[in-house]
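File shown: coords_4.tsv. Contents: TSV, C-alpha atoms.
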```tsv
chain	number	residue	atom	x	y	z
A	1	MET	CA	-9.99	-31.32	39.60
A	2	GLN	CA	-12.42	-29.86	37.10
A	3	ARG	CA	-15.76	-31.64	37.01
A	4	VAL	CA	-17.99	-32.39	34.04
A	5	LEU	CA	-21.50	-33.78	34.21
A	6	ILE	CA	-22.76	-35.50	31.06
A	7	VAL	CA	-26.53	-35.73	30.69
A	8	GLU	CA	-27.10	-38.01	27.73
A	9	ASP	CA	-29.21	-41.13	27.22
A	10	ASP	CA	-27.08	-42.83	24.60
A	11	ASP	CA	-24.75	-45.07	26.60
A	12	ASP	CA	-22.18	-45.38	23.83
A	13	LEU	CA	-21.90	-41.64	23.39
A	14	VAL	CA	-21.52	-41.19	27.14
A	15	GLU	CA	-18.69	-43.71	27.21
A	16	THR	CA	-17.00	-41.99	24.26
A	17	TYR	CA	-17.18	-38.51	25.83
A	18	THR	CA	-16.02	-39.97	29.15
A	19	ASP	CA	-12.99	-41.70	27.62
A	20	LEU	CA	-11.99	-38.46	25.93
A	21	LEU	CA	-12.42	-36.17	28.93
A	22	GLU	CA	-10.88	-38.57	31.44
A	23	THR	CA	-7.82	-38.83	29.21
A	24	TYR	CA	-7.43	-35.09	29.78
A	25	HIS	CA	-7.88	-35.52	33.55
A	26	TYR	CA	-11.43	-34.25	33.95
A	27	SER	CA	-13.59	-35.84	36.60
A	28	VAL	CA	-16.61	-37.10	34.70
A	29	THR	CA	-20.01	-38.16	35.99
A	30	SER	CA	-22.95	-39.06	33.79
A	31	THR	CA	-26.64	-39.75	33.89
A	32	ALA	CA	-29.28	-40.58	31.31
A	33	LYS	CA	-32.12	-38.88	33.16
A	34	ALA	CA	-32.89	-35.20	33.55
A	35	THR	CA	-34.39	-35.79	37.00
A	36	ASP	CA	-31.17	-37.47	38.22
A	37	ALA	CA	-29.14	-34.66	36.64
A	38	ILE	CA	-30.86	-32.16	38.90
A	39	THR	CA	-29.74	-34.10	41.98
A	40	LEU	CA	-26.20	-34.58	40.63
A	41	VAL	CA	-25.67	-30.98	39.62
A	42	THR	CA	-26.59	-29.83	43.13
A	43	ARG	CA	-24.43	-32.42	44.85
A	44	LEU	CA	-21.35	-32.43	42.59
A	45	ARG	CA	-21.32	-28.77	41.52
A	46	PRO	CA	-19.80	-29.56	38.10
A	47	ASN	CA	-17.97	-26.80	36.26
A	48	VAL	CA	-19.60	-27.83	33.01
A	49	VAL	CA	-22.80	-29.67	32.18
A	50	LEU	CA	-22.92	-31.30	28.75
A	51	LEU	CA	-26.63	-31.57	28.18
A	52	ASP	CA	-28.65	-33.39	25.58
A	53	LEU	CA	-32.22	-32.13	25.27
A	54	ASN	CA	-33.94	-35.09	23.64
A	55	LEU	CA	-33.74	-37.43	26.61
A	56	ALA	CA	-36.01	-40.33	27.41
A	57	GLY	CA	-38.46	-39.32	30.14
A	58	HIS	CA	-38.13	-35.59	30.84
A	59	SER	CA	-36.56	-33.14	28.41
A	60	GLY	CA	-33.12	-31.75	29.23
A	61	ALA	CA	-34.78	-28.33	29.39
A	62	VAL	CA	-35.77	-29.02	33.00
A	63	VAL	CA	-32.07	-29.06	33.89
A	64	ILE	CA	-31.61	-25.62	32.34
A	65	ASN	CA	-34.56	-24.29	34.35
A	66	MET	CA	-33.24	-25.72	37.57
A	67	VAL	CA	-29.61	-24.61	37.19
A	68	ARG	CA	-30.48	-21.13	36.03
A	69	GLY	CA	-33.09	-20.73	38.76
A	70	TYR	CA	-30.74	-21.60	41.61
A	71	GLN	CA	-28.29	-18.85	42.60
A	72	PRO	CA	-25.54	-21.10	44.08
A	73	LEU	CA	-25.15	-22.68	40.62
A	74	LYS	CA	-24.78	-19.40	38.76
A	75	ASP	CA	-21.22	-20.23	37.65
A	76	THR	CA	-22.15	-23.63	36.22
A	77	LYS	CA	-21.64	-23.64	32.48
A	78	ILE	CA	-24.29	-25.36	30.42
A	79	VAL	CA	-23.35	-26.69	26.99
A	80	VAL	CA	-26.25	-28.16	25.06
A	81	VAL	CA	-25.12	-30.97	22.77
A	82	THR	CA	-28.01	-31.83	20.52
A	83	GLY	CA	-28.90	-33.39	17.22
A	84	HIS	CA	-31.74	-30.89	16.89
A	85	PRO	CA	-30.28	-27.40	17.51
A	86	GLU	CA	-33.25	-25.90	15.68
A	87	LEU	CA	-35.45	-26.85	18.61
A	88	LEU	CA	-33.73	-24.17	20.69
A	89	GLN	CA	-33.67	-21.44	18.07
A	90	GLY	CA	-35.64	-18.40	19.11
A	91	LYS	CA	-36.54	-19.94	22.44
A	92	ALA	CA	-35.78	-18.45	25.83
A	93	ASP	CA	-33.62	-21.44	26.78
A	94	ALA	CA	-31.15	-20.59	24.00
A	95	ALA	CA	-30.18	-17.41	25.85
A	96	ARG	CA	-29.85	-19.25	29.15
A	97	VAL	CA	-27.17	-21.69	28.07
A	98	ASP	CA	-23.51	-20.94	27.42
A	99	LEU	CA	-23.16	-22.76	24.13
A	100	ILE	CA	-25.12	-24.98	21.76
A	101	LEU	CA	-23.21	-27.68	19.91
A	102	SER	CA	-24.74	-29.65	17.07
A	103	LYS	CA	-24.13	-33.41	16.90
A	104	PRO	CA	-21.93	-34.92	15.68
A	105	VAL	CA	-19.35	-33.03	17.75
A	106	SER	CA	-15.70	-33.74	16.99
A	107	ASN	CA	-13.36	-34.67	19.82
A	108	ALA	CA	-11.40	-31.47	19.21
A	109	GLN	CA	-14.53	-29.35	19.40
A	110	LEU	CA	-15.77	-31.00	22.56
A	111	LEU	CA	-12.41	-30.76	24.26
A	112	GLU	CA	-11.87	-27.15	23.23
A	113	THR	CA	-15.31	-26.27	24.59
A	114	VAL	CA	-14.79	-27.99	27.93
A	115	GLN	CA	-11.29	-26.53	28.29
A	116	ARG	CA	-12.64	-23.05	27.58
A	117	PHE	CA	-15.22	-23.28	30.36
A	118	ALA	CA	-13.17	-25.41	32.76
A	119	PRO	CA	-9.46	-24.78	32.09
A	120	LEU	CA	-7.04	-27.32	33.40
A	121	PRO	CA	-4.04	-26.13	35.41
A	122	PRO	CA	-0.76	-26.27	33.46
A	123	VAL	CA	1.11	-29.55	33.87
A	124	ASP	CA	4.52	-29.24	35.57
A	125	GLY	CA	7.40	-29.41	33.15
A	126	ILE	CA	5.39	-28.44	30.10
A	127	HIS	CA	5.74	-24.81	28.99
B	1	MET	CA	-36.21	-28.70	-7.89
B	2	PRO	CA	-36.01	-32.35	-9.01
B	3	GLU	CA	-39.19	-34.37	-9.45
B	4	SER	CA	-40.07	-36.64	-6.55
B	5	SER	CA	-39.14	-39.71	-8.62
B	6	GLU	CA	-35.67	-38.18	-9.17
B	7	ILE	CA	-35.34	-37.48	-5.44
B	8	ILE	CA	-36.21	-41.12	-4.72
B	9	LEU	CA	-33.59	-42.25	-7.20
B	10	LEU	CA	-30.98	-39.92	-5.64
B	11	LEU	CA	-31.80	-41.15	-2.14
B	12	ARG	CA	-31.52	-44.75	-3.25
B	13	LYS	CA	-28.14	-44.07	-4.84
B	14	MET	CA	-27.02	-42.25	-1.72
B	15	GLY	CA	-28.13	-45.23	0.35
B	16	HIS	CA	-26.09	-47.51	-1.86
B	17	ASP	CA	-23.00	-45.29	-1.68
B	18	MET	CA	-23.26	-45.12	2.11
B	19	ARG	CA	-23.08	-48.89	2.35
B	20	VAL	CA	-19.51	-48.94	1.08
B	21	PRO	CA	-17.91	-46.89	3.89
B	22	LEU	CA	-20.30	-48.57	6.34
B	23	ASN	CA	-19.04	-51.94	5.19
B	24	THR	CA	-15.48	-50.84	6.00
B	25	LEU	CA	-16.55	-49.56	9.41
B	26	ILE	CA	-18.38	-52.78	10.26
B	27	SER	CA	-15.67	-55.11	9.00
B	28	THR	CA	-12.83	-53.18	10.62
B	29	SER	CA	-14.59	-52.92	13.96
B	30	ASP	CA	-15.40	-56.65	13.82
B	31	MET	CA	-11.73	-57.44	13.26
B	32	LEU	CA	-10.69	-55.13	16.08
B	33	VAL	CA	-13.13	-56.82	18.46
B	34	GLU	CA	-12.03	-60.28	17.36
B	35	GLY	CA	-8.40	-59.36	18.04
B	36	LEU	CA	-7.22	-59.85	14.46
B	37	TYR	CA	-4.84	-56.93	14.67
B	38	ASP	CA	-3.34	-57.12	18.14
B	39	PRO	CA	-4.76	-57.95	21.54
B	40	LEU	CA	-6.61	-54.94	22.91
B	41	THR	CA	-6.61	-53.52	26.41
B	42	SER	CA	-10.00	-53.67	28.10
B	43	LYS	CA	-10.54	-49.96	27.43
B	44	GLN	CA	-9.63	-50.40	23.76
B	45	ALA	CA	-11.92	-53.44	23.54
B	46	ARG	CA	-14.84	-51.42	24.92
B	47	ALA	CA	-14.15	-48.70	22.36
B	48	ALA	CA	-14.00	-51.26	19.55
B	49	ILE	CA	-17.33	-52.75	20.66
B	50	ARG	CA	-18.86	-49.27	20.60
B	51	LEU	CA	-17.62	-48.85	17.04
B	52	GLN	CA	-19.02	-52.24	16.09
B	53	ARG	CA	-22.41	-51.62	17.70
B	54	ASN	CA	-22.86	-48.12	16.31
B	55	SER	CA	-21.80	-48.97	12.79
B	56	ARG	CA	-24.54	-51.62	12.86
B	57	ARG	CA	-27.00	-49.07	14.27
B	58	LEU	CA	-26.19	-46.79	11.39
B	59	LEU	CA	-26.75	-49.61	8.93
B	60	ALA	CA	-30.12	-50.40	10.53
B	61	ILE	CA	-31.17	-46.74	10.24
B	62	LEU	CA	-30.04	-46.67	6.61
B	63	ASP	CA	-31.91	-49.92	5.91
B	64	ASP	CA	-35.10	-48.51	7.43
B	65	PHE	CA	-34.71	-45.36	5.39
B	66	VAL	CA	-34.14	-47.11	2.07
B	67	THR	CA	-36.89	-49.65	2.78
B	68	TYR	CA	-39.31	-46.83	3.61
B	69	ILE	CA	-38.53	-45.00	0.36
B	70	LYS	CA	-38.94	-48.16	-1.71
B	71	ALA	CA	-42.10	-49.27	0.09
B	72	ASP	CA	-43.66	-45.84	-0.17
B	73	ALA	CA	-42.94	-45.83	-3.90
B	74	GLY	CA	-44.32	-49.39	-4.22
B	75	GLU	CA	-40.95	-50.58	-5.50
B	76	LEU	CA	-40.05	-53.18	-2.91
B	77	ASN	CA	-39.83	-56.71	-4.28
B	78	LEU	CA	-41.69	-59.29	-2.25
B	79	THR	CA	-40.34	-62.73	-1.42
B	80	LEU	CA	-43.30	-64.98	-0.77
B	81	LYS	CA	-42.70	-68.20	1.12
B	82	SER	CA	-44.67	-70.41	3.44
B	83	PHE	CA	-44.04	-69.99	7.16
B	84	ALA	CA	-45.49	-71.09	10.49
B	85	PRO	CA	-47.10	-67.96	11.99
B	86	ARG	CA	-47.07	-69.10	15.62
B	87	ALA	CA	-43.34	-69.84	15.66
B	88	ALA	CA	-42.54	-66.82	13.50
B	89	LEU	CA	-44.35	-64.43	15.81
B	90	THR	CA	-42.46	-65.77	18.82
B	91	ALA	CA	-39.16	-65.38	16.98
B	92	TRP	CA	-39.93	-61.82	15.84
B	93	CYS	CA	-40.68	-60.83	19.42
B	94	GLY	CA	-37.39	-62.14	20.84
B	95	GLU	CA	-35.27	-58.99	21.02
B	96	VAL	CA	-38.19	-56.70	21.88
B	97	ARG	CA	-39.38	-59.04	24.60
B	98	ALA	CA	-35.91	-58.95	26.18
B	99	ALA	CA	-35.92	-55.13	26.13
B	100	ALA	CA	-39.44	-55.00	27.59
B	101	GLU	CA	-38.64	-57.45	30.37
B	102	ALA	CA	-35.38	-55.63	31.12
B	103	LYS	CA	-37.43	-52.55	32.01
B	104	GLY	CA	-39.84	-54.58	34.14
B	105	LEU	CA	-42.73	-54.88	31.70
B	106	VAL	CA	-44.83	-58.02	31.35
B	107	PHE	CA	-44.72	-59.25	27.76
B	108	GLN	CA	-47.35	-61.62	26.43
B	109	VAL	CA	-47.77	-63.27	23.07
B	110	THR	CA	-51.07	-64.97	22.26
B	111	THR	CA	-52.05	-66.75	19.06
B	112	ALA	CA	-55.64	-67.83	18.54
B	113	GLU	CA	-56.40	-71.42	17.50
B	114	THR	CA	-58.06	-70.05	14.36
B	115	VAL	CA	-54.72	-68.92	12.89
B	116	PRO	CA	-53.69	-71.44	10.21
B	117	ALA	CA	-50.62	-73.55	10.87
B	118	SER	CA	-48.95	-72.32	7.71
B	119	LEU	CA	-49.27	-69.07	5.74
B	120	VAL	CA	-47.63	-67.64	2.65
B	121	GLY	CA	-46.08	-64.19	2.90
B	122	ASP	CA	-42.93	-62.12	2.99
B	123	GLU	CA	-41.56	-62.91	6.43
B	124	ALA	CA	-38.98	-60.11	6.34
B	125	ILE	CA	-41.67	-57.50	5.74
B	126	LEU	CA	-44.12	-58.99	8.22
B	127	SER	CA	-41.46	-59.11	10.92
B	128	ARG	CA	-40.50	-55.48	10.37
B	129	ILE	CA	-44.13	-54.37	10.71
B	130	VAL	CA	-44.57	-56.33	13.94
B	131	GLN	CA	-41.25	-55.22	15.38
B	132	ALA	CA	-41.90	-51.56	14.58
B	133	LEU	CA	-45.20	-51.73	16.50
B	134	LEU	CA	-43.58	-53.54	19.42
B	135	TRP	CA	-40.57	-51.21	19.70
B	136	ASN	CA	-42.94	-48.26	19.67
B	137	ALA	CA	-44.92	-49.85	22.51
B	138	VAL	CA	-41.78	-50.54	24.56
B	139	ALA	CA	-40.48	-47.01	24.04
B	140	TYR	CA	-43.66	-45.36	25.31
B	141	THR	CA	-44.60	-47.70	28.15
B	142	ALA	CA	-43.07	-46.94	31.54
B	143	GLN	CA	-44.77	-49.72	33.47
B	144	GLY	CA	-47.34	-52.48	33.09
B	145	GLN	CA	-47.56	-54.74	30.10
B	146	ILE	CA	-47.29	-55.17	26.39
B	147	GLY	CA	-49.44	-57.76	24.68
B	148	ILE	CA	-49.38	-59.00	21.14
B	149	THR	CA	-52.21	-61.17	19.90
B	150	SER	CA	-52.70	-62.80	16.57
B	151	ASP	CA	-55.99	-63.95	15.12
B	152	TRP	CA	-57.50	-65.01	11.80
B	153	THR	CA	-60.46	-63.20	10.27
B	154	PRO	CA	-63.30	-64.92	8.36
B	155	GLY	CA	-62.15	-62.93	5.31
B	156	GLY	CA	-58.74	-64.66	5.29
B	157	GLU	CA	-56.63	-61.98	6.96
B	158	TRP	CA	-54.00	-62.28	9.63
B	159	LEU	CA	-54.94	-59.84	12.37
B	160	ILE	CA	-52.16	-58.76	14.71
B	161	SER	CA	-52.85	-56.46	17.64
B	162	VAL	CA	-50.31	-54.74	19.84
B	163	GLN	CA	-51.57	-53.29	23.10
B	164	ASP	CA	-49.57	-51.40	25.69
B	165	SER	CA	-50.21	-49.75	29.03
B	166	GLY	CA	-48.39	-46.54	28.15
B	167	SER	CA	-49.72	-43.06	28.66
B	168	GLY	CA	-51.51	-42.98	25.30
B	169	ILE	CA	-51.39	-40.54	22.42
B	170	SER	CA	-53.02	-37.12	22.61
B	171	ASP	CA	-55.68	-36.07	20.10
B	172	GLU	CA	-53.26	-33.49	18.75
B	173	ASN	CA	-50.53	-36.07	18.13
B	174	LYS	CA	-52.78	-38.82	16.76
B	175	SER	CA	-52.83	-37.37	13.26
B	176	HIS	CA	-49.02	-37.18	13.10
B	177	ILE	CA	-47.79	-40.53	14.38
B	178	PHE	CA	-47.51	-42.06	10.91
B	179	GLU	CA	-45.54	-39.12	9.51
B	180	PRO	CA	-41.84	-39.87	8.91
B	181	PHE	CA	-39.41	-38.18	11.27
B	182	TRP	CA	-42.19	-36.55	13.25
B	183	ARG	CA	-41.43	-36.27	16.96
B	184	GLY	CA	-44.21	-35.29	19.28
B	185	ASP	CA	-44.09	-33.80	22.72
B	186	GLU	CA	-44.71	-37.20	24.30
B	187	ARG	CA	-41.28	-38.41	25.34
B	188	PRO	CA	-40.25	-42.04	25.02
B	189	GLN	CA	-39.43	-43.79	28.28
B	190	ILE	CA	-36.34	-45.45	26.87
B	191	PRO	CA	-33.85	-44.00	24.41
B	192	THR	CA	-35.00	-44.51	20.84
B	193	ALA	CA	-32.05	-44.71	18.52
B	194	GLY	CA	-33.63	-44.52	15.15
B	195	ALA	CA	-34.49	-42.25	12.33
B	196	GLY	CA	-38.05	-41.72	13.54
B	197	LEU	CA	-39.34	-44.20	10.97
B	198	GLY	CA	-40.88	-46.95	13.11
B	199	LEU	CA	-44.60	-46.37	12.65
B	200	PRO	CA	-44.38	-44.72	9.19
B	201	LEU	CA	-42.27	-47.65	7.99
B	202	ALA	CA	-44.78	-50.12	9.41
B	203	LEU	CA	-47.62	-48.31	7.64
B	204	ALA	CA	-45.76	-48.14	4.32
B	205	LEU	CA	-44.95	-51.86	4.49
B	206	ALA	CA	-48.47	-52.85	5.52
B	207	THR	CA	-49.89	-50.81	2.65
B	208	LEU	CA	-47.42	-52.38	0.23
B	209	ILE	CA	-48.68	-55.87	1.06
B	210	LYS	CA	-52.29	-54.69	0.84
B	211	GLY	CA	-52.80	-54.69	4.57
B	212	GLN	CA	-54.27	-52.09	6.87
B	213	LEU	CA	-52.58	-50.59	9.91
B	214	VAL	CA	-54.58	-48.44	12.29
B	215	LEU	CA	-54.38	-46.97	15.73
B	216	LYS	CA	-57.53	-48.63	17.03
B	217	GLU	CA	-57.71	-47.05	20.43
B	218	THR	CA	-55.68	-44.82	22.72
B	219	SER	CA	-56.26	-43.37	26.15
B	220	VAL	CA	-54.34	-42.68	29.33
B	221	GLN	CA	-54.55	-46.45	29.95
B	222	GLY	CA	-52.56	-47.26	26.82
B	223	SER	CA	-52.66	-47.66	23.07
B	224	HIS	CA	-53.88	-50.39	20.76
B	225	PHE	CA	-52.57	-50.78	17.20
B	226	CYS	CA	-54.01	-53.32	14.75
B	227	VAL	CA	-52.64	-54.56	11.49
B	228	GLN	CA	-54.74	-56.74	9.20
B	229	ILE	CA	-53.00	-58.49	6.31
B	230	PRO	CA	-54.55	-60.69	3.60
B	231	LEU	CA	-52.47	-63.86	3.29
B	232	GLU	CA	-52.83	-67.17	1.52
B	233	THR	CA	-52.84	-70.31	3.62
B	234	ALA	CA	-50.42	-73.10	2.82
B	235	ALA	CA	-50.30	-76.80	3.50
B	236	PRO	CA	-48.61	-77.34	6.90
B	237	GLN	CA	-44.86	-77.95	6.57
```

Please go through the file and, once you have read it, give me the structure as structure tokens.
Amino acid sequence: MQRVLIVEDDDDLVETYTDLLETYHYSVTSTAKATDAITLVTRLRPNVVLLDLNLAGHSGAVVINMVRGYQPLKDTKIVVVTGHPELLQGKADAARVDLILSKPVSNAQLLETVQRFAPLPPVDGIH
Amino acid sequence: MPESSEIILLLRKMGHDMRVPLNTLISTSDMLVEGLYDPLTSKQARAAIRLQRNSRRLLAILDDFVTYIKADAGELNLTLKSFAPRAALTAWCGEVRAAAEAKGLVFQVTTAETVPASLVGDEAILSRIVQALLWNAVAYTAQGQIGITSDWTPGGEWLISVQDSGSGISDENKSHIFEPFWRGDERPQIPTAGAGLGLPLALALATLIKGQLVLKETSVQGSHFCVQIPLETAAPQ
């Protein structure tokens, strides 16, 4: 099963993303804290991390630093989902993530992004 | 480029136009939650509650925005009525107190004996000033306490102080905290779902009612905001 880690401190948005991705059979875990995300990303080895930057407590940037600085996680895709994409423009972190999405993100856009980085196996009987 | 007065007018019209689709969102989500269409599964009910909650959040953000524009332009109409300050302050603190206590903070409200039993003012505006200061304190305080005290000055002003045990505001950030939509490098300790208008809105409202709002003190031990508002006293109700 493909795994997605959501790092986002708005509970309602987490639940919305989770409902969508679970409907498409992704295994979804979430946390509101960047520090907990670091533990989870090491333990769960998600295929994709959906990362908000403007988190309460530490910025989501610490997750980027950790994932990109740790060789065993080199295949982990990081998708920044932010309401302030301008904060990343011209910064080193922009080149270290796989994609930056600007909120609000449509369901279709989110799903297409996750499916691109973590494709699901074809379902039997559907061609 | 339109004049600033034209921009204000456009923003006010935009605010009005946004209320119509928001009204539909709020009413429809209310009906979904109340089961007026068909009974919902538990997953559908959770989704409907999210719709309900977030449409109200959007309305609150819009209200703050429109109120800020009107207050800043001095165009907000005041509704002056007599009220009991001690009871009012307790009521205004209700939701913030719950949020503070939920994150383990001690929350204290103190009203000095010198505060008159009845004052005349715009309760809606006064409550928004107080709540903006309190939400700001809750957002930036990880542990310890938040205290709100109210006092009466010899000059006939209601003096409200909000003190927290947060990590304080840096010298660099001090000059920006009353700017609308400004976000500093100090990160809130709880998610802040707003349009970044808390303190600027409080300042605009305090100024509108001829009060003064200042950051009195800040250090690594916490911050202390004071608002001083001239109010008439009224005969006790």

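Closest approach to Gly60 of chain A among A:Leu87, A:Leu44, A:Ala95, A:Ala118: A:Leu87, based on all atoms listed in the file.
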
Interface list for chain A, partner chain B, 7 Å threshold, all atoms listed in the file, as a PyMOL selection string: chain A and resi 9-10+12+55-58

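The space between atom CA of Pro46 of chain A and atom CA of Ile100 of chain A spans 17.8 Å.
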
Best match for closeness to Leu78 of chain B among B:Ala124, B:Ala98, B:Val66, B:Val214, counting all atoms listed in the file: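 Smallest distance to Leu78 of chain B is found for B:Ala124.
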
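Between atom CA of Ala32 of chain A and atom CA of Val220 of chain B the separation is 25.2 Å.
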
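Proximity to Gly74 of chain B at 10 Å, evaluated using only C-alpha atoms and with sequence-adjacent residues fewer than 4 positions away removed, yields Tyr68, Ile69, Lys70, Ala204, Leu205, Thr207, Leu208 and Ile209 of chain B.
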
Test item: residues at most 9 Å from Leu62 of chain B, all atoms listed in the file, excluding those fewer than 3 positions along its chain, as a list in words: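 Once the nearby chain positions are removed, what remains is Gly15, Met18, Arg19, Arg57, Leu58, Leu59, Phe65, Val66, Thr67 and Ala195 of chain B.
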
Pick from B:Lys174, B:Arg56, B:Arg12, B:Lys103 nearest to Leu25 of chain B, counting all atoms listed in the file: B:Arg56

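Separating atom CA of Cys93 of chain B from atom CA of Gly211 of chain B is a distance of 20.1 Å.
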
Output, as AutoDock Vina command-line options, the centre and edge lengths in Å (one decimal) of the axis-aligned box that contains all listed atoms of segment 85-90 of chain A with 8 Å of margin on each side.
```
--center_x -33.0 --center_y -22.9 --center_z 18.2 --size_x 21.4 --size_y 25.0 --size_z 21.0
```

Leu197 of chain B surroundings by all atoms listed in the file, 9 Å radius, close-in-sequence under 2 positions cut, as a PyMOL selection string: chain B and resi 61+64-65+68+132+178-182+194-195+199-202
